[in-house]
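*Asks:* Contents are mmCIF, C-alpha atoms; file name input.cif:
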data_structure
#
loop_
_atom_site.label_atom_id
_atom_site.label_comp_id
_atom_site.auth_asym_id
_atom_site.auth_seq_id
_atom_site.Cartn_x
_atom_site.Cartn_y
_atom_site.Cartn_z
CA MET Q 28 -13.69 4.97 10.92
CA PRO Q 29 -14.18 1.21 11.42
CA LEU Q 30 -13.23 -1.02 8.51
CA ARG Q 31 -15.98 -2.59 6.44
CA GLU Q 32 -15.48 -5.51 4.05
CA VAL Q 33 -16.79 -4.63 0.61
CA TYR Q 34 -15.64 -7.53 -1.59
CA ARG Q 35 -13.60 -10.72 -1.49
CA THR Q 36 -12.21 -12.79 -4.34
CA GLU Q 37 -9.27 -14.97 -5.31
CA VAL Q 38 -6.58 -14.15 -7.86
CA GLU Q 39 -4.32 -17.07 -8.82
CA GLY Q 40 -4.55 -18.62 -5.34
CA VAL Q 41 -4.13 -15.32 -3.48
CA GLU Q 42 -7.12 -14.01 -1.52
CA VAL Q 43 -7.85 -10.34 -2.30
CA ILE Q 44 -10.11 -8.48 0.13
CA VAL Q 45 -11.42 -4.97 -0.48
CA LEU Q 46 -12.10 -2.92 2.64
CA GLN Q 47 -13.42 0.57 3.16
CA GLY Q 48 -12.09 2.65 6.05
CA ASP Q 49 -8.87 3.56 7.83
CA ILE Q 50 -5.95 1.27 6.90
CA THR Q 51 -4.28 1.96 10.27
CA GLU Q 52 -7.23 0.19 11.97
CA LEU Q 53 -6.52 -3.07 10.13
CA GLU Q 54 -5.41 -5.77 12.54
CA GLU Q 55 -5.11 -8.76 10.18
CA ALA Q 56 -2.23 -7.52 7.97
CA ASP Q 57 1.41 -8.45 8.60
CA ALA Q 58 2.53 -5.41 6.58
CA ILE Q 59 0.96 -2.10 5.61
CA VAL Q 60 2.12 -0.26 2.51
CA ASN Q 61 2.93 3.44 2.69
CA PRO Q 62 2.77 5.19 -0.71
CA ALA Q 63 5.85 7.15 0.22
CA ASN Q 64 8.12 9.76 -1.27
CA SER Q 65 11.79 9.07 -1.95
CA ARG Q 66 12.85 11.18 1.04
CA GLY Q 67 10.92 9.08 3.56
CA VAL Q 68 9.10 12.15 4.88
CA MET Q 69 5.67 11.15 6.23
CA GLY Q 70 3.89 14.49 6.12
CA GLY Q 71 0.49 13.93 4.55
CA GLY Q 72 -2.26 11.52 3.61
CA VAL Q 73 -1.83 7.83 4.42
CA ALA Q 74 1.78 8.40 5.50
CA ALA Q 75 0.75 10.95 8.12
CA ALA Q 76 -2.00 8.63 9.41
CA ILE Q 77 0.52 5.75 9.69
CA LYS Q 78 3.00 7.97 11.54
CA GLU Q 79 0.34 9.41 13.84
CA LYS Q 80 -1.02 6.02 14.88
CA GLY Q 81 2.20 3.99 14.66
CA GLY Q 82 4.71 6.49 16.00
CA GLU Q 83 7.54 8.80 14.96
CA GLU Q 84 10.03 5.92 14.84
CA ILE Q 85 8.47 4.72 11.56
CA GLU Q 86 9.37 7.98 9.83
CA ARG Q 87 12.78 8.14 11.51
CA GLU Q 88 13.63 4.66 10.24
CA ALA Q 89 12.30 5.43 6.73
CA ARG Q 90 14.37 8.63 6.52
CA GLU Q 91 17.50 6.71 7.55
CA LYS Q 92 16.94 4.44 4.52
CA ALA Q 93 16.32 7.37 2.13
CA PRO Q 94 16.67 8.20 -0.65
CA ILE Q 95 14.38 5.40 -1.83
CA PRO Q 96 13.97 5.49 -5.62
CA VAL Q 97 10.52 5.13 -7.19
CA GLY Q 98 10.37 1.45 -8.15
CA GLU Q 99 12.05 0.25 -4.96
CA ALA Q 100 10.69 -0.35 -1.46
CA VAL Q 101 12.08 -0.56 2.06
CA ALA Q 102 10.58 -2.03 5.21
CA THR Q 103 10.57 -0.50 8.66
CA THR Q 104 9.04 -1.52 11.95
CA ALA Q 105 5.38 -0.63 12.36
CA GLY Q 106 5.63 0.98 15.80
CA ARG Q 107 2.30 0.80 17.62
CA LEU Q 108 0.38 -0.50 14.59
CA SER Q 109 -0.74 -4.12 14.79
CA ALA Q 110 1.21 -4.93 11.60
CA GLU Q 111 4.79 -6.16 11.87
CA TYR Q 112 6.14 -3.96 9.07
CA VAL Q 113 5.45 -0.80 7.13
CA ILE Q 114 6.60 -1.14 3.52
CA HIS Q 115 7.57 2.26 2.13
CA ALA Q 116 7.11 2.21 -1.65
CA PRO Q 117 7.62 5.68 -3.13
CA THR Q 118 5.11 6.84 -5.71
CA MET Q 119 6.92 10.21 -5.97
CA GLU Q 120 10.37 11.66 -5.43
CA ARG Q 121 9.38 14.80 -3.49
CA PRO Q 122 6.51 15.20 -1.03
CA ALA Q 123 3.20 16.34 -2.58
CA GLN Q 124 4.33 15.76 -6.17
CA ARG Q 125 1.78 15.00 -8.93
CA ILE Q 126 2.47 11.64 -10.58
CA GLY Q 127 1.29 9.37 -13.37
CA VAL Q 128 0.06 5.77 -13.36
CA GLU Q 129 3.52 4.44 -14.27
CA ASN Q 130 4.64 5.40 -10.74
CA VAL Q 131 1.63 3.60 -9.27
CA GLU Q 132 2.65 0.49 -11.20
CA LYS Q 133 6.30 0.68 -10.08
CA ALA Q 134 5.42 1.33 -6.42
CA THR Q 135 2.79 -1.45 -6.25
CA ARG Q 136 5.19 -3.94 -7.82
CA ALA Q 137 8.04 -2.93 -5.47
CA ALA Q 138 5.79 -3.19 -2.40
CA LEU Q 139 4.44 -6.63 -3.34
CA GLU Q 140 7.94 -7.92 -4.11
CA LYS Q 141 9.17 -6.54 -0.75
CA ALA Q 142 6.27 -8.25 1.08
CA GLU Q 143 7.23 -11.54 -0.57
CA GLU Q 144 10.89 -10.98 0.32
CA LEU Q 145 9.94 -10.29 3.96
CA GLY Q 146 8.00 -13.55 4.03
CA VAL Q 147 4.75 -12.00 5.24
CA GLU Q 148 1.48 -13.81 4.67
CA SER Q 149 -0.70 -10.71 4.31
CA VAL Q 150 -0.15 -7.16 3.06
CA ALA Q 151 -2.48 -4.13 2.97
CA PHE Q 152 -2.41 -1.47 0.26
CA PRO Q 153 -4.11 1.91 0.32
CA GLY Q 154 -4.76 3.68 -2.97
CA MET Q 155 -1.28 4.23 -4.41
CA GLY Q 156 -0.88 7.77 -5.75
CA THR Q 157 -4.57 8.64 -5.26
CA GLY Q 158 -4.01 11.40 -2.69
CA VAL Q 159 -1.61 14.25 -3.38
CA GLY Q 160 -0.27 12.24 -6.34
CA GLY Q 161 -3.52 13.07 -8.12
CA VAL Q 162 -4.08 9.73 -9.86
CA PRO Q 163 -7.83 9.07 -10.37
CA TYR Q 164 -9.18 6.18 -8.26
CA GLU Q 165 -10.22 4.09 -11.28
CA ASP Q 166 -6.81 4.41 -12.94
CA ALA Q 167 -4.89 3.56 -9.76
CA ALA Q 168 -7.19 0.60 -9.00
CA GLU Q 169 -6.81 -0.79 -12.56
CA VAL Q 170 -3.01 -0.57 -12.41
CA MET Q 171 -2.74 -1.98 -8.87
CA VAL Q 172 -5.02 -4.94 -9.66
CA GLY Q 173 -3.09 -5.49 -12.90
CA VAL Q 174 0.15 -5.83 -10.92
CA ILE Q 175 -1.53 -8.21 -8.45
CA ARG Q 176 -2.83 -10.38 -11.32
CA GLU Q 177 0.63 -10.43 -12.89
CA LEU Q 178 2.58 -11.25 -9.71
CA ALA Q 179 0.07 -13.51 -7.89
CA PRO Q 180 1.10 -16.72 -9.71
CA ARG Q 181 4.71 -16.19 -8.53
CA LEU Q 182 3.91 -15.34 -4.91
CA GLU Q 183 4.87 -18.14 -2.54
CA ARG Q 184 4.49 -16.47 0.85
CA VAL Q 185 1.92 -13.72 0.40
CA ARG Q 186 -1.50 -15.40 0.57
CA ARG Q 187 -3.77 -12.42 1.31
CA ILE Q 188 -3.82 -8.89 -0.06
CA PHE Q 189 -6.05 -6.19 1.39
CA LEU Q 190 -6.99 -3.24 -0.83
CA VAL Q 191 -8.20 -0.49 1.48
CA GLY Q 192 -10.07 2.56 0.27
CA PHE Q 193 -10.51 5.27 2.87
CA GLU Q 194 -13.21 6.73 0.61
CA GLU Q 195 -16.11 4.59 -0.56
CA GLU Q 196 -15.36 5.63 -4.18
CA LEU Q 197 -11.86 4.15 -3.98
CA ALA Q 198 -13.14 0.89 -2.46
CA GLU Q 199 -15.68 0.67 -5.29
CA ALA Q 200 -12.93 1.31 -7.87
CA PHE Q 201 -10.97 -1.65 -6.41
CA VAL Q 202 -14.08 -3.85 -6.68
CA GLU Q 203 -14.66 -2.81 -10.31
CA ALA Q 204 -11.03 -3.50 -11.22
CA LEU Q 205 -11.25 -6.99 -9.67
CA ARG Q 206 -14.51 -7.94 -11.42
#
Mind turning the file's structure into structure tokens?
*Replies:*
Amino acid sequence: MPLREVYRTEVEGVEVIVLQGDITELEEADAIVNPANSRGVMGGGVAAAIKEKGGEEIEREAREKAPIPVGEAVATTAGRLSAEYVIHAPTMERPAQRIGVENVEKATRAALEKAEELGVESVAFPGMGTGVGGVPYEDAAEVMVGVIRELAPRLERVRRIFLVGFEEELAEAFVEALR
């Protein structure tokens, strides 16, 4: 599915762009965030799409860095993706675990801090915890945008954040949270 821009705004000097479509098709992001599990297994949802398009080496590298606690993030190469890095920010300890919004908050914060640490200019987030994690789109979007608003004034390197909803409803939830 080709990406479609839905909304664009600025938060404390950082451009935030909402897109609808497949995050693995994004060519303008230096890093793509994987809402991972602590084991680094990339079996479903966004993780599986990243592995399928980017290559097995992404998962292999993530698993070598496991266990990755919720609230921390690690970076791996991005394989065949156009991004330079995949940032693995666990929203759950075990694959396919149901989670709450506090894990969305911790994972989003860890991923954004890792992007800043890596020195990338742009980072793309899918819905964190909205797949098997079971967090409603509106709740995840509110929490993710809240973290962006909180951290944006302190970001020196990250100048552009993409929020990518595979489903139109998730893209709309990002837009609502930003308004």
*Asks:* Using the file's own x, y and z axes, what box holds all listed atoms of range 148-151 of chain Q with 8 Å on each side, keeping edges along x, y and z, and what are its centre and edge lengths in Å to one decimal, as AutoDock Vina command-line options?
*Replies:*
--center_x -0.5 --center_y -9.0 --center_z 3.8 --size_x 20.0 --size_y 25.7 --size_z 17.7
*Asks:* Using the chain letters and numbers from the file, give me the residues hit by the PyMOL selection byres ((chain Q and resi 66) around 9), as a list in words.
*Replies:*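 Matching residues under the PyMOL selection byres ((chain Q and resi 66) around 9) are Ala63, Asn64, Ser65, Gly67, Val68, Met69, Ala89, Arg90, Lys92, Ala93, Pro94, Ile95, Pro96, Pro117, Glu120, Arg121 and Pro122 of chain Q.
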*Asks:* Create the file for the chosen residues now, containing C-alpha atoms and written as a compact mmCIF listing (two decimals), in the coordinates of the input.
*Replies:*
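Contents of selection.txt, freshly written:
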# COMPACT_ATOMS: atom_id res chain seq x y z
CA ALA Q 63 5.85 7.15 0.22
CA ASN Q 64 8.12 9.76 -1.27
CA SER Q 65 11.79 9.07 -1.95
CA GLY Q 67 10.92 9.08 3.56
CA VAL Q 68 9.10 12.15 4.88
CA MET Q 69 5.67 11.15 6.23
CA ALA Q 89 12.30 5.43 6.73
CA ARG Q 90 14.37 8.63 6.52
CA LYS Q 92 16.94 4.44 4.52
CA ALA Q 93 16.32 7.37 2.13
CA PRO Q 94 16.67 8.20 -0.65
CA ILE Q 95 14.38 5.40 -1.83
CA PRO Q 96 13.97 5.49 -5.62
CA PRO Q 117 7.62 5.68 -3.13
CA GLU Q 120 10.37 11.66 -5.43
CA ARG Q 121 9.38 14.80 -3.49
CA PRO Q 122 6.51 15.20 -1.03
*Asks:* List the neighbours of Glu194 in chain Q out to 8 Å using all atoms listed in the file; skip same-chain residues closer than 4 positions along the sequence, and give me the result as a compact mmCIF listing (two decimals) with C-alpha atoms, in the frame of the given file.
*Replies:*
# COMPACT_ATOMS: atom_id res chain seq x y z
CA GLN Q 47 -13.42 0.57 3.16
CA GLY Q 48 -12.09 2.65 6.05
CA ALA Q 198 -13.14 0.89 -2.46
*Asks:* My list of candidates is Q:Gly40, Q:Gly82, Q:Gly146, Q:Pro62. Which is closest to Ala167 in chain Q when distances are computed with all atoms listed in the file?
*Replies:*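 Nearest to Ala167 in chain Q: Q:Pro62.
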*Asks:* For the structure provided, state which residues fall under the PyMOL selection byres ((chain Q and resi 171-185) around 7), and present them as a list of chain:residue names.
*Replies:*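 On this input, the PyMOL selection byres ((chain Q and resi 171-185) around 7) captures Q:Val38, Q:Glu39, Q:Val41, Q:Glu132, Q:Thr135, Q:Arg136, Q:Glu143, Q:Gly146, Q:Val147, Q:Glu148, Q:Ser149, Q:Ala167, Q:Ala168, Q:Glu169, Q:Val170, Q:Arg186, Q:Arg187, Q:Ala204, Q:Leu205.
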